[in-house]
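Data first, discussion second: the structure below is written as structure tokens.
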Amino acid sequence: GAVVSQHPSWVICKSGTSVKIECRSLDFQATTMFWYRQFPKQSLMLMATSNEGSKATYEQGVEKDKFLINHASLTLSTLTVTSAHPEDSSFYICSARSRGGLSNQPQHFGDGTRLSIL
Amino acid sequence: GDSVTQMEGPVTLSEEAFLTINCTYTATGYPSLFWYVQYPGEGLQLLLKATKADDKGSNKGFEATYRKETTSFHLEKGSVQVSDSAVYFCALSSYGGSQGNLIFGKGTKLSVKP
């Protein structure tokens, strides 16, 4: 089945540093990738949608300059949390939908990245 | 806007008990409906889906039927196992939307005791 790899799975870093999270579709081409944030014991909140070769579409309230998204190829999207602070600590999950996939096709999720900012 | 409401947990059951997790939705148009499962420390896995009214999605003993008249997509399993312990998310994706974003319910944590 479709596999999405997310890396790293866990990162701890100091406040003020930037952290890059990678999301790769391993066995299919993903035209669209999604980035979610999940707070403890809460649901997933969509942060942004990225389409290969174009700018990401951010949800209301998500800072574009804070959360940089790049979708340079059909198999890779990256989320960079710039100048991270403790309030950015969270579980970040990416998902991908295959090329040509309609909105009624499922998204395939990575295993998530737990980000802890000290 | 579109939304998903699912029963709050946690739900605690004994092994082999019957499971129902309620999910209702509000949407314009004709959404597709999904159940995802999240095991501890992991991402989400698609459990089942239904794309039109009266469709029944099923997988690993779980079932859910797309009920347009009641705008519901309740998850059921006849006999749960300890390995079913996880958080279950109901979600919808509006067909025809430019992105087909998933809108999730808040999740229901299921704990199955031996």
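Every chain in the structure tokens takes a letter, A first, then B, and so on in the order presented; its residues are numbered from 1, and the ligands are numbered from 1 following the presented order.
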Per residue of chain B within 12 Å of chain A, note the shortest atom pair and the distance in Å to one decimal, counting only C-alpha atoms, and order the rows by chain and increasing residue number, as a Markdown table.
| residue | atom | partner | partner_atom | distance |
| --- | --- | --- | --- | --- |
| B:Val4 | CA | A:Ser43 | CA | 10.9 |
| B:Thr5 | CA | A:Ser43 | CA | 11.2 |
| B:Gln6 | CA | A:Ser43 | CA | 11.0 |
| B:Glu8 | CA | A:Gln42 | CA | 10.9 |
| B:Gly9 | CA | A:Lys41 | CA | 10.4 |
| B:Pro10 | CA | A:Lys41 | CA | 10.5 |
| B:Tyr30 | CA | A:Asn104 | CA | 9.9 |
| B:Pro31 | CA | A:Asn104 | CA | 7.6 |
| B:Ser32 | CA | A:Asn104 | CA | 5.4 |
| B:Leu33 | CA | A:Asn104 | CA | 8.2 |
| B:Phe34 | CA | A:Pro106 | CA | 7.9 |
| B:Trp35 | CA | A:Pro106 | CA | 10.1 |
| B:Tyr36 | CA | A:Phe109 | CA | 9.9 |
| B:Val37 | CA | A:Phe109 | CA | 10.8 |
| B:Gln38 | CA | A:Asp111 | CA | 9.3 |
| B:Tyr39 | CA | A:Asp111 | CA | 9.8 |
| B:Pro40 | CA | A:Asp111 | CA | 10.3 |
| B:Gly41 | CA | A:Asp111 | CA | 7.8 |
| B:Glu42 | CA | A:Asp111 | CA | 4.8 |
| B:Gly43 | CA | A:Asp111 | CA | 3.7 |
| B:Leu44 | CA | A:Phe109 | CA | 5.6 |
| B:Gln45 | CA | A:Phe109 | CA | 6.5 |
| B:Leu46 | CA | A:Pro106 | CA | 7.3 |
| B:Leu47 | CA | A:Pro106 | CA | 10.1 |
| B:Leu48 | CA | A:Pro106 | CA | 9.3 |
| B:Lys49 | CA | A:Pro106 | CA | 7.9 |
| B:Ala50 | CA | A:Asn104 | CA | 8.7 |
| B:Thr51 | CA | A:Asn104 | CA | 6.4 |
| B:Lys52 | CA | A:Asn104 | CA | 9.6 |
| B:Ala86 | CA | A:Lys41 | CA | 11.8 |
| B:Val87 | CA | A:Lys41 | CA | 9.3 |
| B:Tyr88 | CA | A:Ser43 | CA | 10.0 |
| B:Phe89 | CA | A:Ser43 | CA | 7.9 |
| B:Cys90 | CA | A:Ser43 | CA | 10.0 |
| B:Ala91 | CA | A:Leu44 | CA | 10.3 |
| B:Leu92 | CA | A:Asn104 | CA | 8.9 |
| B:Ser93 | CA | A:Ser103 | CA | 6.3 |
| B:Ser94 | CA | A:Ser103 | CA | 6.8 |
| B:Tyr95 | CA | A:Ser103 | CA | 5.5 |
| B:Gly96 | CA | A:Ser103 | CA | 6.9 |
| B:Gly97 | CA | A:Ser103 | CA | 7.0 |
| B:Ser98 | CA | A:Ser103 | CA | 8.1 |
| B:Gln99 | CA | A:Ser103 | CA | 6.8 |
| B:Gly100 | CA | A:Ser103 | CA | 4.1 |
| B:Asn101 | CA | A:Ser103 | CA | 7.3 |
| B:Leu102 | CA | A:Leu46 | CA | 8.0 |
| B:Ile103 | CA | A:Leu46 | CA | 8.1 |
| B:Phe104 | CA | A:Leu44 | CA | 6.6 |
| B:Gly105 | CA | A:Ser43 | CA | 6.5 |
| B:Lys106 | CA | A:Ser43 | CA | 4.4 |
| B:Gly107 | CA | A:Ser43 | CA | 5.9 |
| B:Thr108 | CA | A:Lys41 | CA | 9.4 |
| B:Lys109 | CA | A:Lys41 | CA | 8.9 |
Determine which residues of chain A receive a DSSP assignment of strand (DSSP E), computed from the backbone, and state them as a ChimeraX atom specification. /A:4-7,10-13,19-25,30-38,44-51,57-58,67-73,76-81,90-98,108-109,113-117
Extract, using only C-alpha atoms, all DNA, RNA and protein residues at most 9 Å from Glu16 (chain B), discarding same-chain residues fewer than 3 positions from it, and format them as a VMD selection string. chain B and resid 13 78 to 82 112 114
